[in-house]
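See below for the structure under consideration.
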Amino acid sequence: MTRKSIPYWHVDAFAAKPFTGNQAAVVMVDKWPDDDTMRAIADENMFAETAFLIETPEGDADYALRWFTPTVEVALCGHATLASGHVLLGENEGRDAVTFSTRKAGILEVRRADAGYELALPAIPTQEGEYPEAVALLGAEPKEVWRNPDGYIVFLFEDGAAIRALEPDLRGLAKLGDEQFICTAPGRETDVISRNFVPGGGVDEDIFTGSAHAVLTPFWTERLGRESFTAYQASRRGGHAVCRLEDDRAVLSGDCVTVVEGRFYLEG
């Protein structure tokens with residue numbers, strides 16, 4: 001049995017210094033490993049997301065991109081996309097942007113910006129509704145509940161203190177399925193504060209969630225009456241971004257820091 005090595009980067013995304021923001025692994029391959037192997041690699045990393053990249057010079061984008069949590073493949077991940085752009089643009093200082101083709105989120109782009117990088121994601125709309133099963137497990141009563149059929153649920157609370165005090169029943173939420181339980185409120189140091197729980201997807205509480213902010217961008221720009229706002233995800237490591245709405249895109253601005261660079265070894 002031979003051993004194959006592939007390039008690997010560990011990046012802290014939506015972070016201005018190491019050991020903050022959301023950890024992502026970026027793995028470069030020349031062909032897709034089977035899904036079980038990619039899940040195993042993601043489980044080995046034990047980060048919220050591992051991004052797998054294949055260069056596609058003849059395709060619609062520069063690279064094909066897929067994302068895995070330690071347990072499932074996901075349809076959209078913002079922070080691992082930002083981390084991938086950081087790695088690729090860092091390898092080519094003369095390049096200003098890089099594009100990715102994805103299976104369910106279309107073409108995504110990461111571009112250099114004053115804040116580090118800008119990531120354009122599809123803006124995800126929500127409609128006001130109810131979710132009493134989830135509310136009963138959050139440990140506090142939100143003011144409003146907004147839902148998207150793809151599994152993005154927004155719970156609007158009174159203030160940041162309520163967000164920080166949440167102690168949800170994670171096992172109970174996991175039984176409701178692979179959904180994002182996005183809890184948010186007006187902030188003090190930033191315009192918006194949030195926390196995001198995804199236990200059904202293998203991530204009890206995410207550190208900073210790009211896809212959640214693709215939901216929060218249209219949600220909050222309408223309430224704030226302006227096209228952009230500052231955001232903080234109040235997880236144990238924390239993460240900052242500036243979010244703005246451009247037509248049907250949520251543009252997130254933030255920085256990244258590479259923490260580890262090396263080789264990942266596979267059998268076969």
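In the structure tokens, chains take letters A, B, ... by order of appearance, with residues numbered from 1 within each chain and ligands from 1 in the order shown.
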
>> Run DSSP on the backbone and tell me which residues of region 52-240 of chain A come out as helix (DSSP H, G or I); list them as a ChimeraX atom specification.
In response: /A:78-91,132-138,160-164,170-174,199-201,210-224

For the residues selected in the previous step, produce a file with N, CA and C atoms as a CSV table (one decimal), in the first residue's frame.
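What ended up in out_18.csv:
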```csv
chain,number,residue,atom,x,y,z
A,78,GLY,N,-19.3,29.6,4.4
A,78,GLY,CA,-18.6,30.8,4.1
A,78,GLY,C,-17.2,30.9,4.6
A,79,HIS,N,-17.0,30.5,5.9
A,79,HIS,CA,-15.7,30.7,6.4
A,79,HIS,C,-14.6,29.8,5.8
A,80,ALA,N,-15.0,28.6,5.4
A,80,ALA,CA,-14.0,27.7,4.7
A,80,ALA,C,-13.7,28.2,3.3
A,81,THR,N,-14.7,28.9,2.7
A,81,THR,CA,-14.5,29.5,1.4
A,81,THR,C,-13.5,30.7,1.5
A,82,LEU,N,-13.8,31.5,2.5
A,82,LEU,CA,-12.8,32.6,2.7
A,82,LEU,C,-11.4,32.1,3.0
A,83,ALA,N,-11.3,31.1,3.8
A,83,ALA,CA,-10.0,30.5,4.1
A,83,ALA,C,-9.4,29.9,2.8
A,84,SER,N,-10.2,29.3,1.9
A,84,SER,CA,-9.6,28.8,0.6
A,84,SER,C,-9.1,30.0,-0.2
A,85,GLY,N,-9.9,31.1,-0.3
A,85,GLY,CA,-9.4,32.2,-1.0
A,85,GLY,C,-8.1,32.8,-0.5
A,86,HIS,N,-8.1,32.9,0.9
A,86,HIS,CA,-6.8,33.4,1.5
A,86,HIS,C,-5.6,32.5,1.2
A,87,VAL,N,-5.8,31.2,1.1
A,87,VAL,CA,-4.6,30.3,0.8
A,87,VAL,C,-4.2,30.6,-0.7
A,88,LEU,N,-5.2,30.6,-1.6
A,88,LEU,CA,-4.9,30.7,-3.0
A,88,LEU,C,-4.3,32.1,-3.4
A,89,LEU,N,-4.9,33.1,-2.8
A,89,LEU,CA,-4.4,34.5,-3.1
A,89,LEU,C,-3.1,34.7,-2.4
A,90,GLY,N,-2.8,34.1,-1.3
A,90,GLY,CA,-1.5,34.1,-0.6
A,90,GLY,C,-0.4,33.5,-1.4
A,91,GLU,N,-0.8,32.4,-2.2
A,91,GLU,CA,0.2,31.7,-3.1
A,91,GLU,C,0.5,32.5,-4.3
A,132,PRO,N,-42.1,26.0,17.4
A,132,PRO,CA,-42.2,25.8,18.9
A,132,PRO,C,-41.3,24.7,19.4
A,133,GLU,N,-41.0,23.6,18.6
A,133,GLU,CA,-40.2,22.6,19.1
A,133,GLU,C,-38.7,23.1,19.3
A,134,ALA,N,-38.2,23.9,18.5
A,134,ALA,CA,-36.9,24.5,18.6
A,134,ALA,C,-36.9,25.5,19.7
A,135,VAL,N,-37.9,26.4,19.8
A,135,VAL,CA,-37.9,27.4,20.8
A,135,VAL,C,-37.9,26.8,22.2
A,136,ALA,N,-38.6,25.7,22.4
A,136,ALA,CA,-38.6,25.0,23.7
A,136,ALA,C,-37.2,24.5,24.1
A,137,LEU,N,-36.3,24.3,23.2
A,137,LEU,CA,-35.0,23.8,23.4
A,137,LEU,C,-33.9,24.9,23.6
A,138,LEU,N,-34.2,26.1,23.2
A,138,LEU,CA,-33.2,27.2,23.3
A,138,LEU,C,-33.0,27.7,24.7
A,160,GLY,N,-28.0,41.7,23.2
A,160,GLY,CA,-26.9,40.8,23.2
A,160,GLY,C,-26.8,40.0,24.5
A,161,ALA,N,-27.2,40.6,25.6
A,161,ALA,CA,-27.2,39.8,26.9
A,161,ALA,C,-28.0,38.5,26.8
A,162,ALA,N,-29.1,38.6,26.1
A,162,ALA,CA,-29.9,37.4,26.0
A,162,ALA,C,-29.2,36.4,25.1
A,163,ILE,N,-28.5,36.8,24.1
A,163,ILE,CA,-27.7,35.9,23.2
A,163,ILE,C,-26.6,35.2,23.9
A,164,ARG,N,-25.9,36.0,24.7
A,164,ARG,CA,-24.7,35.4,25.4
A,164,ARG,C,-25.2,34.4,26.5
A,170,LEU,N,-28.6,21.0,23.3
A,170,LEU,CA,-28.0,20.7,22.0
A,170,LEU,C,-28.4,19.3,21.5
A,171,ARG,N,-28.6,18.3,22.4
A,171,ARG,CA,-29.0,17.0,22.0
A,171,ARG,C,-30.4,17.0,21.4
A,172,GLY,N,-31.3,17.8,22.1
A,172,GLY,CA,-32.6,18.0,21.6
A,172,GLY,C,-32.6,18.7,20.2
A,173,LEU,N,-31.9,19.7,20.0
A,173,LEU,CA,-31.8,20.4,18.7
A,173,LEU,C,-31.3,19.5,17.7
A,174,ALA,N,-30.3,18.6,18.0
A,174,ALA,CA,-29.8,17.7,17.0
A,174,ALA,C,-30.8,16.8,16.5
A,199,PRO,N,-26.0,21.4,15.8
A,199,PRO,CA,-25.7,20.1,16.4
A,199,PRO,C,-26.0,18.9,15.5
A,200,GLY,N,-27.1,19.0,14.7
A,200,GLY,CA,-27.5,18.0,13.8
A,200,GLY,C,-26.5,17.8,12.6
A,201,GLY,N,-25.7,18.8,12.4
A,201,GLY,CA,-24.6,18.8,11.3
A,201,GLY,C,-23.3,18.5,11.9
A,210,GLY,N,-20.3,31.9,8.0
A,210,GLY,CA,-20.5,32.7,6.8
A,210,GLY,C,-21.9,32.5,6.3
A,211,SER,N,-22.4,31.3,6.2
A,211,SER,CA,-23.7,31.0,5.6
A,211,SER,C,-24.8,31.6,6.5
A,212,ALA,N,-24.6,31.6,7.8
A,212,ALA,CA,-25.6,32.2,8.7
A,212,ALA,C,-25.6,33.7,8.4
A,213,HIS,N,-24.5,34.3,8.1
A,213,HIS,CA,-24.5,35.8,7.8
A,213,HIS,C,-25.0,36.1,6.4
A,214,ALA,N,-25.0,35.1,5.6
A,214,ALA,CA,-25.7,35.3,4.3
A,214,ALA,C,-27.2,35.3,4.5
A,215,VAL,N,-27.7,34.8,5.6
A,215,VAL,CA,-29.1,34.9,6.1
A,215,VAL,C,-29.3,36.2,6.8
A,216,LEU,N,-28.4,36.5,7.7
A,216,LEU,CA,-28.5,37.7,8.5
A,216,LEU,C,-28.4,39.0,7.8
A,217,THR,N,-27.7,39.0,6.6
A,217,THR,CA,-27.5,40.2,5.9
A,217,THR,C,-28.8,40.8,5.3
A,218,PRO,N,-29.6,40.0,4.6
A,218,PRO,CA,-30.9,40.6,4.2
A,218,PRO,C,-31.8,40.8,5.4
A,219,PHE,N,-31.7,40.0,6.4
A,219,PHE,CA,-32.6,40.1,7.6
A,219,PHE,C,-32.3,41.4,8.3
A,220,TRP,N,-31.0,41.8,8.5
A,220,TRP,CA,-30.7,43.0,9.3
A,220,TRP,C,-30.7,44.2,8.5
A,221,THR,N,-30.3,44.2,7.2
A,221,THR,CA,-30.2,45.4,6.4
A,221,THR,C,-31.6,46.0,6.3
A,222,GLU,N,-32.6,45.1,6.2
A,222,GLU,CA,-34.0,45.7,6.2
A,222,GLU,C,-34.4,46.3,7.5
A,223,ARG,N,-34.0,45.7,8.6
A,223,ARG,CA,-34.4,46.3,9.9
A,223,ARG,C,-33.6,47.5,10.2
A,224,LEU,N,-32.4,47.6,9.8
A,224,LEU,CA,-31.5,48.7,10.1
A,224,LEU,C,-31.7,49.9,9.2
```

> With only C-alpha atoms as the basis for distance, which of A:Ala165, A:Lys104, A:Thr184, A:Met38 is at the shortest distance from Pro142 (chain A)?
Replying inline: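 When distances to Pro142 (chain A) are compared using only C-alpha atoms, the smallest one comes from A:Thr184.
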
>> List as a ChimeraX atom specification the protein and nucleic acid residues near Glu205 (chain A), meaning an atom at most 7 Å away when only C-alpha atoms are counted, but skip any in the same chain fewer than 5 places from it.
In response: /A:196-198

Could you save those same residues with all heavy atoms as a short mmCIF file (atom, residue, chain, number, x, y, z; two decimals), in the first residue's frame?
```
data_model
loop_
_atom_site.label_atom_id
_atom_site.label_comp_id
_atom_site.auth_asym_id
_atom_site.auth_seq_id
_atom_site.Cartn_x
_atom_site.Cartn_y
_atom_site.Cartn_z
N ASN A 196 -24.69 30.64 16.72
CA ASN A 196 -25.27 29.69 15.77
C ASN A 196 -25.00 28.27 16.23
O ASN A 196 -23.84 27.89 16.46
CB ASN A 196 -24.68 29.91 14.37
CG ASN A 196 -25.39 29.10 13.32
OD1 ASN A 196 -26.54 28.72 13.48
ND2 ASN A 196 -24.70 28.82 12.23
N PHE A 197 -26.08 27.49 16.35
CA PHE A 197 -26.00 26.11 16.82
C PHE A 197 -26.40 25.18 15.68
O PHE A 197 -27.46 25.34 15.08
CB PHE A 197 -26.92 25.92 18.03
CG PHE A 197 -26.67 26.92 19.13
CD1 PHE A 197 -27.45 28.06 19.25
CD2 PHE A 197 -25.62 26.74 20.02
CE1 PHE A 197 -27.22 28.98 20.26
CE2 PHE A 197 -25.37 27.67 21.03
CZ PHE A 197 -26.17 28.79 21.15
N VAL A 198 -25.52 24.18 15.39
CA VAL A 198 -25.78 23.26 14.28
C VAL A 198 -25.47 21.83 14.74
O VAL A 198 -24.70 21.10 14.11
CB VAL A 198 -24.94 23.61 13.04
CG1 VAL A 198 -25.58 23.02 11.78
CG2 VAL A 198 -24.77 25.12 12.87
#
```

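Reported to one decimal place, the separation of CA of Leu53 (chain A) from CA of Thr2 (chain A) is 22.3 Å.
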
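Coordinates place CA of Gly116 (chain A) at a distance of 25.0 Å from CA of Pro186 (chain A).
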
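Omitting region 9-25 of chain A and its sequence neighbours fewer than 6 positions away, and counting only C-alpha atoms, the residues within 8 Å are Asn45, Phe47, Ala48, Glu49, Thr50, Ala51, His79, Ala80, Leu82, Ala83, Val87, Asp206, Ile207, Phe208, Thr209, Arg237, Gly238, Gly239, His240, Ala241, Gly254, Asp255, Cys256, Val257, Thr258, Val259, Val260, Glu261 and Gly262 of chain A.
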